[in-house]
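The next block is structure-v3.cif, given as mmCIF, N, CA and C atoms.
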```cif
data_protein
loop_
_atom_site.label_atom_id
_atom_site.label_comp_id
_atom_site.auth_asym_id
_atom_site.auth_seq_id
_atom_site.Cartn_x
_atom_site.Cartn_y
_atom_site.Cartn_z
N MET A 234 22.02 -20.99 12.76
CA MET A 234 22.97 -20.96 13.83
C MET A 234 22.72 -19.70 14.65
N GLU A 235 22.91 -19.79 15.95
CA GLU A 235 22.72 -18.66 16.84
C GLU A 235 24.05 -18.24 17.43
N ASN A 236 24.18 -16.95 17.69
CA ASN A 236 25.39 -16.47 18.35
C ASN A 236 25.22 -16.54 19.86
N ASP A 237 26.13 -15.94 20.61
CA ASP A 237 26.11 -16.02 22.08
C ASP A 237 24.90 -15.33 22.69
N GLN A 238 24.37 -14.31 22.01
CA GLN A 238 23.21 -13.58 22.52
C GLN A 238 21.89 -14.26 22.14
N GLY A 239 21.93 -15.35 21.38
CA GLY A 239 20.73 -16.06 20.96
C GLY A 239 20.07 -15.48 19.73
N ILE A 240 20.80 -14.66 18.98
CA ILE A 240 20.26 -14.05 17.76
C ILE A 240 20.58 -14.94 16.57
N LEU A 241 19.62 -15.14 15.70
CA LEU A 241 19.79 -15.96 14.50
C LEU A 241 20.72 -15.25 13.52
N VAL A 242 21.81 -15.90 13.13
CA VAL A 242 22.81 -15.24 12.29
C VAL A 242 22.99 -15.91 10.93
N ASP A 243 22.19 -16.91 10.61
CA ASP A 243 22.30 -17.56 9.31
C ASP A 243 21.76 -16.65 8.22
N LEU A 244 22.39 -16.69 7.05
CA LEU A 244 21.93 -15.88 5.93
C LEU A 244 20.70 -16.50 5.27
N TYR A 245 20.61 -17.83 5.28
CA TYR A 245 19.51 -18.51 4.62
C TYR A 245 18.95 -19.55 5.57
N VAL A 246 17.67 -19.47 5.84
CA VAL A 246 16.98 -20.45 6.67
C VAL A 246 16.02 -21.19 5.77
N PRO A 247 16.25 -22.49 5.51
CA PRO A 247 15.37 -23.22 4.59
C PRO A 247 13.98 -23.41 5.19
N ARG A 248 12.99 -23.48 4.30
CA ARG A 248 11.61 -23.72 4.69
C ARG A 248 11.23 -25.14 4.33
N LYS A 249 10.15 -25.62 4.95
CA LYS A 249 9.60 -26.93 4.60
C LYS A 249 8.23 -26.73 4.00
N CYS A 250 7.93 -27.54 3.00
CA CYS A 250 6.62 -27.49 2.37
C CYS A 250 5.59 -27.97 3.39
N ALA A 251 4.52 -27.23 3.56
CA ALA A 251 3.49 -27.59 4.53
C ALA A 251 2.69 -28.80 4.07
N ALA A 252 2.63 -29.04 2.77
CA ALA A 252 1.83 -30.15 2.25
C ALA A 252 2.60 -31.46 2.25
N THR A 253 3.90 -31.43 1.93
CA THR A 253 4.67 -32.66 1.78
C THR A 253 5.78 -32.82 2.81
N ASN A 254 6.05 -31.81 3.61
CA ASN A 254 7.16 -31.80 4.58
C ASN A 254 8.52 -31.94 3.93
N ARG A 255 8.61 -31.66 2.65
CA ARG A 255 9.91 -31.67 1.96
C ARG A 255 10.58 -30.32 2.14
N LEU A 256 11.89 -30.33 2.12
CA LEU A 256 12.66 -29.10 2.24
C LEU A 256 12.53 -28.29 0.95
N ILE A 257 12.26 -27.00 1.07
CA ILE A 257 12.20 -26.12 -0.09
C ILE A 257 13.59 -25.53 -0.28
N THR A 258 14.22 -25.85 -1.37
CA THR A 258 15.59 -25.41 -1.60
C THR A 258 15.62 -23.95 -2.03
N SER A 259 16.80 -23.38 -2.02
CA SER A 259 16.94 -21.98 -2.41
C SER A 259 16.75 -21.79 -3.91
N LYS A 260 16.88 -22.84 -4.69
CA LYS A 260 16.72 -22.76 -6.14
C LYS A 260 15.29 -23.03 -6.61
N ASP A 261 14.39 -23.31 -5.69
CA ASP A 261 13.00 -23.58 -6.03
C ASP A 261 12.27 -22.24 -6.17
N HIS A 262 12.32 -21.67 -7.37
CA HIS A 262 11.73 -20.35 -7.60
C HIS A 262 10.23 -20.41 -7.83
N ALA A 263 9.65 -21.61 -7.90
CA ALA A 263 8.20 -21.74 -8.07
C ALA A 263 7.48 -21.89 -6.74
N SER A 264 8.21 -21.95 -5.64
CA SER A 264 7.57 -22.10 -4.34
C SER A 264 6.94 -20.78 -3.89
N VAL A 265 5.90 -20.90 -3.07
CA VAL A 265 5.22 -19.72 -2.54
C VAL A 265 5.03 -19.88 -1.04
N GLN A 266 4.88 -18.76 -0.38
CA GLN A 266 4.55 -18.74 1.04
C GLN A 266 3.33 -17.86 1.19
N ILE A 267 2.24 -18.43 1.68
CA ILE A 267 0.97 -17.72 1.77
C ILE A 267 0.65 -17.48 3.24
N SER A 268 0.40 -16.23 3.59
CA SER A 268 0.02 -15.87 4.95
C SER A 268 -1.46 -15.53 4.95
N VAL A 269 -2.22 -16.21 5.81
CA VAL A 269 -3.66 -15.97 5.95
C VAL A 269 -3.85 -15.21 7.25
N ALA A 270 -4.41 -14.01 7.16
CA ALA A 270 -4.59 -13.17 8.34
C ALA A 270 -5.69 -13.73 9.23
N ASP A 271 -5.47 -13.66 10.54
CA ASP A 271 -6.50 -14.02 11.50
C ASP A 271 -7.45 -12.85 11.64
N VAL A 272 -8.73 -13.13 11.82
CA VAL A 272 -9.74 -12.07 11.93
C VAL A 272 -10.50 -12.22 13.23
N ASP A 273 -11.07 -11.11 13.71
CA ASP A 273 -11.90 -11.17 14.91
C ASP A 273 -13.34 -11.45 14.52
N ALA A 274 -14.25 -11.36 15.47
CA ALA A 274 -15.66 -11.69 15.22
C ALA A 274 -16.32 -10.70 14.26
N ASP A 275 -15.78 -9.48 14.18
CA ASP A 275 -16.34 -8.48 13.28
C ASP A 275 -15.77 -8.56 11.88
N GLY A 276 -14.79 -9.43 11.66
CA GLY A 276 -14.19 -9.58 10.35
C GLY A 276 -13.00 -8.68 10.11
N ARG A 277 -12.50 -8.05 11.15
CA ARG A 277 -11.32 -7.19 11.02
C ARG A 277 -10.05 -8.02 11.19
N ALA A 278 -9.05 -7.70 10.39
CA ALA A 278 -7.79 -8.44 10.44
C ALA A 278 -7.04 -8.11 11.72
N LEU A 279 -6.50 -9.16 12.36
CA LEU A 279 -5.67 -9.00 13.54
C LEU A 279 -4.21 -8.93 13.12
N SER A 280 -3.34 -8.72 14.07
CA SER A 280 -1.91 -8.62 13.75
C SER A 280 -1.26 -9.98 13.58
N THR A 281 -1.96 -11.07 13.88
CA THR A 281 -1.39 -12.41 13.74
C THR A 281 -1.85 -13.04 12.44
N SER A 282 -1.10 -14.03 11.99
CA SER A 282 -1.46 -14.73 10.75
C SER A 282 -0.96 -16.17 10.81
N THR A 283 -1.49 -16.98 9.93
CA THR A 283 -1.07 -18.37 9.77
C THR A 283 -0.39 -18.48 8.42
N THR A 284 0.81 -19.07 8.39
CA THR A 284 1.61 -19.11 7.18
C THR A 284 1.71 -20.54 6.66
N PHE A 285 1.53 -20.69 5.35
CA PHE A 285 1.67 -21.96 4.67
C PHE A 285 2.69 -21.80 3.56
N ALA A 286 3.69 -22.68 3.52
CA ALA A 286 4.68 -22.69 2.45
C ALA A 286 4.41 -23.88 1.54
N LEU A 287 4.32 -23.65 0.24
CA LEU A 287 4.07 -24.71 -0.73
C LEU A 287 5.23 -24.76 -1.72
N SER A 288 5.73 -25.95 -1.97
CA SER A 288 6.87 -26.11 -2.87
C SER A 288 6.42 -26.01 -4.32
N GLY A 289 7.38 -25.82 -5.20
CA GLY A 289 7.10 -25.75 -6.62
C GLY A 289 6.61 -27.06 -7.17
N GLN A 290 7.03 -28.17 -6.56
CA GLN A 290 6.59 -29.49 -7.02
C GLN A 290 5.08 -29.65 -6.80
N VAL A 291 4.58 -29.23 -5.66
CA VAL A 291 3.15 -29.33 -5.37
C VAL A 291 2.37 -28.44 -6.33
N ARG A 292 2.90 -27.26 -6.61
CA ARG A 292 2.24 -26.35 -7.53
C ARG A 292 2.26 -26.89 -8.95
N ALA A 293 3.35 -27.54 -9.35
CA ALA A 293 3.45 -28.07 -10.72
C ALA A 293 2.50 -29.24 -10.92
N MET A 294 2.21 -30.00 -9.87
CA MET A 294 1.28 -31.12 -9.98
C MET A 294 -0.17 -30.65 -9.97
N GLY A 295 -0.40 -29.37 -9.68
CA GLY A 295 -1.76 -28.85 -9.63
C GLY A 295 -2.47 -29.21 -8.34
N GLU A 296 -1.73 -29.49 -7.28
CA GLU A 296 -2.31 -29.91 -6.01
C GLU A 296 -2.28 -28.81 -4.96
N SER A 297 -1.88 -27.61 -5.34
CA SER A 297 -1.72 -26.57 -4.32
C SER A 297 -3.06 -26.11 -3.75
N ASP A 298 -4.10 -26.04 -4.57
CA ASP A 298 -5.40 -25.60 -4.05
C ASP A 298 -5.98 -26.62 -3.09
N ASP A 299 -5.88 -27.90 -3.42
CA ASP A 299 -6.38 -28.94 -2.54
C ASP A 299 -5.55 -29.01 -1.26
N SER A 300 -4.24 -28.85 -1.40
CA SER A 300 -3.37 -28.88 -0.22
C SER A 300 -3.65 -27.70 0.70
N LEU A 301 -3.87 -26.53 0.12
CA LEU A 301 -4.16 -25.36 0.93
C LEU A 301 -5.50 -25.50 1.64
N ASN A 302 -6.49 -26.06 0.98
CA ASN A 302 -7.79 -26.31 1.63
C ASN A 302 -7.63 -27.31 2.77
N ARG A 303 -6.85 -28.37 2.55
CA ARG A 303 -6.64 -29.38 3.59
C ARG A 303 -5.91 -28.78 4.79
N LEU A 304 -4.87 -28.00 4.54
CA LEU A 304 -4.10 -27.39 5.62
C LEU A 304 -4.92 -26.36 6.39
N ALA A 305 -5.71 -25.57 5.68
CA ALA A 305 -6.54 -24.56 6.34
C ALA A 305 -7.65 -25.22 7.15
N THR A 306 -8.19 -26.32 6.69
CA THR A 306 -9.20 -27.05 7.45
C THR A 306 -8.58 -27.63 8.71
N LYS A 307 -7.38 -28.18 8.59
CA LYS A 307 -6.69 -28.74 9.75
C LYS A 307 -6.33 -27.65 10.77
N ALA A 308 -6.01 -26.45 10.29
CA ALA A 308 -5.66 -25.34 11.18
C ALA A 308 -6.90 -24.67 11.77
N GLY A 309 -8.08 -25.06 11.33
CA GLY A 309 -9.31 -24.48 11.86
C GLY A 309 -9.75 -23.20 11.17
N LEU A 310 -9.19 -22.92 10.00
CA LEU A 310 -9.56 -21.71 9.27
C LEU A 310 -10.76 -21.92 8.36
N LEU A 311 -10.98 -23.15 7.92
CA LEU A 311 -12.10 -23.49 7.05
C LEU A 311 -12.92 -24.61 7.67
N ARG A 312 -14.18 -24.67 7.27
CA ARG A 312 -15.04 -25.77 7.70
C ARG A 312 -15.78 -26.33 6.50
N ASN A 313 -15.89 -27.63 6.41
CA ASN A 313 -16.68 -28.32 5.40
C ASN A 313 -16.25 -27.99 3.97
N VAL A 314 -14.96 -27.79 3.75
CA VAL A 314 -14.46 -27.52 2.41
C VAL A 314 -13.72 -28.73 1.87
N TRP A 315 -12.83 -29.28 2.68
CA TRP A 315 -12.01 -30.41 2.23
C TRP A 315 -12.49 -31.65 2.95
N SER A 316 -12.72 -32.72 2.19
CA SER A 316 -13.07 -34.00 2.78
C SER A 316 -12.30 -35.10 2.07
N TYR A 317 -11.79 -36.01 2.85
CA TYR A 317 -11.02 -37.11 2.29
C TYR A 317 -11.96 -38.13 1.67
N GLN A 318 -11.68 -38.53 0.45
CA GLN A 318 -12.52 -39.52 -0.22
C GLN A 318 -11.68 -40.74 -0.54
N LYS A 319 -12.18 -41.92 -0.19
CA LYS A 319 -11.45 -43.17 -0.39
C LYS A 319 -11.57 -43.65 -1.81
#
```

Turn the structure described in the file into C-alpha cells.
Amino acid sequence: MENDQGILVDLYVPRKCAATNRLITSKDHASVQISVADVDADGRALSTSTTFALSGQVRAMGESDDSLNRLATKAGLLRNVWSYQK
C-alpha cells in the first residue's frame, strides 16, 4: 500500500518464485533470493544486478539449479547451458 506521497508503507511485501510464479509466504524459511551482478566488458561488477527468488518447494525438489540456469539463460546471462529436452 502507498501513502499520499507515493511511498511504500507495507511492512511485508510478498515475493513470487521466479521458477513457478507461486507466492513465497512469510513462513517459507527455505526460500532464497539470489542477486547476480551485471558486469562490463572487462569483467568488473556494475551497480546493477538481476534478482531471482526461488521458493523452498523448488529447492526441496532439487530443481533450483536447473531453474536458475533456465532463468539466467532467458535473461541473457548464460549461453548454451540450459536446453529443453522432450

Output check: residues returned by the PyMOL selection byres (((chain A and resi 237-245 and name CA) around 12) and name CA), as a ChimeraX atom specification: /A:234-236,246-248,257-260

A:Ser280, A:Ala286, A:Asp271, A:His262 ranked by distance to Cys250 of chain A, top pick (using all atoms listed in the file):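 So, comparing all the options, the nearest one is A:Ala286.
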
Between atom CA of Asn313 of chain A and atom N of Ser288 of chain A - distance in Å to one decimal: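 Interatomic distance, atom N of Ser288 of chain A to atom CA of Asn313 of chain A: 23.7 Å.
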
Picked residues, the PyMOL selection byres ((chain A and resi 281) around 6.5), as a VMD selection string: chain A and resid 269 to 271 278 to 280 282 to 283

Between atom N of Thr284 of chain A and atom N of Arg303 of chain A - distance in Å to one decimal: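 Rounded to one decimal, the two atoms are 13.4 Å apart.
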
Residue members of the PyMOL selection byres ((chain A and resi 289) around 7) in the file shown, as a list in words: Asp261, His262, Ala263, Ser264, Val265, Leu287, Ser288, Gln290, Val291, Arg292, Ala293 and Met294 of chain A

Kindly list the centre and edge lengths in Å, rounded to one decimal, for the axis-aligned box that covers all listed atoms of segment 269-286 of chain A plus 8 Å on each of its six sides, as AutoDock Vina command-line options.
```
--center_x -5.8 --center_y -15.5 --center_z 8.5 --size_x 37.0 --size_y 32.7 --size_z 29.9
```

Nearest to Lys249 of chain A by atom-to-atom distance, counting only C-alpha atoms, from A:Gly276, A:Leu304, A:Phe285, A:Glu296: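 Ranked by minimum distance to Lys249 of chain A, first place goes to A:Phe285.
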
Atom pair atom CA of Arg255 of chain A / atom N of Val314 of chain A: separation (Å): 25.2 Å
